[in-house]
2 protein chains.
Amino acid sequence: MTKLSLTEENYLKAIYFIGGTSNQLVNTNAIAERLNTKAATVTDMLRKLKQKDLIEYQPYKGTRLKLEGKVKAIGILRKHRLWETFLVEKLAFGWEEVHEMAEQLEHIQSTELTERLSAFLGFPEFDPHGDPIPNKEGVFPRRDNVTLDRAKPDTAVMVQGVKDSSTEFLNYIAKLGIQLGDHIAVKSVEEFDRSLVVEHKNQQYRISALAAANLYIKEL
Amino acid sequence: MTKLSLTEENYLKAIYFIGGTSNQLVNTNAIAERLNTKAATVTDMLRKLKQKDLIEYQPYKGTRLKLEGKVKAIGILRKHRLWETFLVEKLAFGWEEVHEMAEQLEHIQSTELTERLSAFLGFPEFDPHGDPIPNKEGVFPRRDNVTLDRAKPDTAVMVQGVKDSSTEFLNYIAKLGIQLGDHIAVKSVEEFDRSLVVEHKNQQYRISALAAANLYIKEL
DNA sequence: AATCATTTTTAGATTTGCCTAAATTTAGAT
DNA sequence: ATCTAAATTTAGGCAAATCTAAAAATGATT
């Protein structure tokens with residue numbers, strides 16, 4: 001567990017995001033662009049990270065994260081999303097405002113702090129943008145038991161189940177005509193109260209964040 | 001408002017603490033010792049900070065903060081103590097564990113974040129160590145309406161008043177024989193429940209954190 | 001007032017992260 | 001198969017923050 005510099009952490013993060021979940025080979029130029037730096041600078045850093053055994057790197061061929069590098073990157077992502085959740089849920093920031101601050105907070109070292117923060121927030125699995133928060137082993141929550149309030153605008157989903165199975169809630173969705181297997185298209189999400197405008201059975205209507213949070217969905 | 005590097009911030013903080021409230025001239029060596037660095041390194045930085053007009057500095061004579069430097073230092077101190085309060089009160093860390101983390105958190109930039117954190121914590125005036133938290137204008141809370149629970153071990157205080165003036169509380173302190181103007185010596189503070197062992201009128205006894213929090217005192 | 005121990009500064013290097021400009025490699029097009 | 005444009009690396013340098021060793025200033029003491 002070597003301690004990384006802030007810059008090294010940012011390079012790992014960049015490679016992680018560009019490479020995507022499948023850990024594709026990443027170009028030097030792509031990294032330079034993402035970090036607003038120059039290709040020559042990136043080359044220097046890649047040699048350094050290879051030397052630390054955090055990445056695979058062949059000159060002219062590109063780079064990808066090795067296991068240890070990926071673990072580090074996911075750890076930073078975890079912290080980023082937990083802090084964003086804190087900023088929005090506890091300090092009442094808008095979810096567009098928090099990225100910059102989370103970019104700084106994600107580099108705070110203590111693992112103990114990260115875990116206590118997670119506990120304080122109620123072990124959230126998704127951040128305010130709806131992005132999944134990996135657990136401390138680096139495992140992402142399954143997209144399965146995602147609820148409708150996590151859906152992004154312009155996505156199509158299928159109703160898979162209900163979280164709240166009280167008769168009140170079941171009556172309410174019955175009134176809307178929602179049934180298991182129904183397809184719903186999310187048209188827009190209101191920033192103010194997180195309510196959603198959806199299209200369902202050729203009708204458009206608005207559904208509250210609370211109701212949406214109790215409908216399990218699968219993205220299509 | 002020039003943005004300072006992390007290192008520059010740490011130098012200002014060091015000068016602030018060594019110089020004390022009276023803003024005494026500070027020796028190069030003292031700074032070097034506090035920051036675990038070498039005198040030569042300090043000299044370099046002092047020239048730089050002088051150039052930025054944050055400090056007064058005469059070679060061989062010593063240094064002191066100018067107004068702008070002092071404002072910066074107090075701003076960092078404010079963030080440090082707010083974060084410590086957060087770590088102890090919200091994340092349930094022990095008050096000995098938090099310094100290291102607060103050292104990192106105090107350098108997070110956003111003023112808006114600092115102010116919202118303060119609001120979230122209920123605008124605290126003292127941190128978990130009992131140290132005063134300057135407000136956003138850099139003004140420290142007056143030591144006057146300090147309560148006994150803020151007192152440190154091995155300090156002598158005088159009872160100035162009560163915060164809770166219910167008959168229950170007044171009866172309780174009457175039973176202990178505490179009166180206005182009494183001198184109390186704080187012997188020790190129990191980490192677990194913040195209760196205090198005090199010496200009062202030649203008797204030693206324990207007083208709970210709650211009771212202590214309702215006695216206004218003046219340090220002697 | 002001269003001396004000497006201590007403090008401080010200067011001089012010269014080192015490391016990290018970054019740059020520009022030139023050289024090299026790669027891969028697509030002829 | 002060769003050529004050329006794009007991508008990438010190499011070479012050489014710069015600024016920040018640090019170091020060691022040597023030089024200079026201070027001030028306390030004789």
# chains A, B, ... in the order shown; residues from 1 in each chain; ligands from 1
call {"tool": "calpha_fit_rmsd", "arguments": {"fixed": "chain B", "moving": "chain A"}}
result
0.4 Å
call {"tool": "residues_around", "arguments": {"residues": "region 12-29 of chain C", "least_positions_apart": "2", "cutoff": "10 Å", "atoms": "only C-alpha atoms (C1' of nucleotides)", "output": "ChimeraX atom specification"}}
result
/A:5,7,37-38,40-42,44-45,59-61 /C:10 /D:3-21
call {"tool": "residues_around", "arguments": {"residues": "Lys13 (chain A)", "least_positions_apart": "3", "cutoff": "8 Å", "atoms": "only C-alpha atoms (C1' of nucleotides)", "output": "number ranges by chain"}}
result
A: 9-10, 16-17, 73-74, 76-77
call {"tool": "write_last_selection", "arguments": {"atoms": "C-alpha atoms", "output": "mmCIF file, in the first residue's frame"}}
result
data_model
loop_
_atom_site.group_PDB
_atom_site.id
_atom_site.type_symbol
_atom_site.label_atom_id
_atom_site.label_comp_id
_atom_site.auth_asym_id
_atom_site.auth_seq_id
_atom_site.Cartn_x
_atom_site.Cartn_y
_atom_site.Cartn_z
ATOM 1 C CA GLU A 9 -4.299 9.494 -7.967
ATOM 2 C CA ASN A 10 -5.752 11.749 -10.617
ATOM 3 C CA TYR A 16 -10.077 4.215 -15.024
ATOM 4 C CA PHE A 17 -12.754 6.406 -16.551
ATOM 5 C CA ALA A 73 -9.023 4.152 -8.642
ATOM 6 C CA ILE A 74 -12.202 2.554 -7.328
ATOM 7 C CA ILE A 76 -11.032 7.205 -4.915
ATOM 8 C CA LEU A 77 -14.326 6.909 -6.780
#
call {"tool": "interface_residues", "arguments": {"of": "chain B", "to": "chain A", "cutoff": "10 Å", "atoms": "only C-alpha atoms", "output": "PyMOL selection string"}}
result
chain B and resi 87+90-93+98+100-105+107-110+112-113+115-121
call {"tool": "write_last_selection", "arguments": {"atoms": "C-alpha atoms", "output": "JSON list (two decimals), in the first residue's frame"}}
result
[["chain", "number", "residue", "atom", "x", "y", "z"],
["B", 87, "LEU", "CA", -15.52, 14.26, 13.02],
["B", 90, "LYS", "CA", -21.14, 13.38, 13.66],
["B", 91, "LEU", "CA", -18.73, 10.57, 12.92],
["B", 92, "ALA", "CA", -18.12, 9.63, 16.57],
["B", 93, "PHE", "CA", -14.35, 9.78, 16.46],
["B", 98, "VAL", "CA", -9.13, 13.68, 14.67],
["B", 100, "GLU", "CA", -4.48, 14.21, 11.48],
["B", 101, "MET", "CA", -7.65, 14.15, 9.40],
["B", 102, "ALA", "CA", -8.46, 17.77, 10.17],
["B", 103, "GLU", "CA", -4.95, 18.70, 9.00],
["B", 104, "GLN", "CA", -5.98, 17.52, 5.56],
["B", 105, "LEU", "CA", -9.57, 18.75, 5.59],
["B", 107, "HIS", "CA", -7.11, 22.83, 3.15],
["B", 108, "ILE", "CA", -10.36, 22.18, 1.26],
["B", 109, "GLN", "CA", -11.05, 25.38, -0.63],
["B", 110, "SER", "CA", -14.75, 26.28, -0.81],
["B", 112, "GLU", "CA", -19.46, 28.03, 0.92],
["B", 113, "LEU", "CA", -18.66, 24.53, 2.16],
["B", 115, "GLU", "CA", -20.18, 28.01, 6.08],
["B", 116, "ARG", "CA", -22.64, 25.22, 5.40],
["B", 117, "LEU", "CA", -20.61, 22.87, 7.56],
["B", 118, "SER", "CA", -20.76, 25.40, 10.36],
["B", 119, "ALA", "CA", -24.55, 25.68, 9.97],
["B", 120, "PHE", "CA", -24.89, 21.90, 9.86],
["B", 121, "LEU", "CA", -23.05, 21.67, 13.17]]
call {"tool": "atom_distance", "arguments": {"atom1": "CA of Asp154 (chain A)", "atom2": "CA of Lys201 (chain A)"}}
result
16.0 Å
call {"tool": "select_by_dssp", "arguments": {"residues": "chain B", "states": "helix (DSSP H, G or I)", "output": "ChimeraX atom specification"}}
result
/B:6-19,28-34,39-51,67-89,99-105,111-120,148-150,167-176,209-212
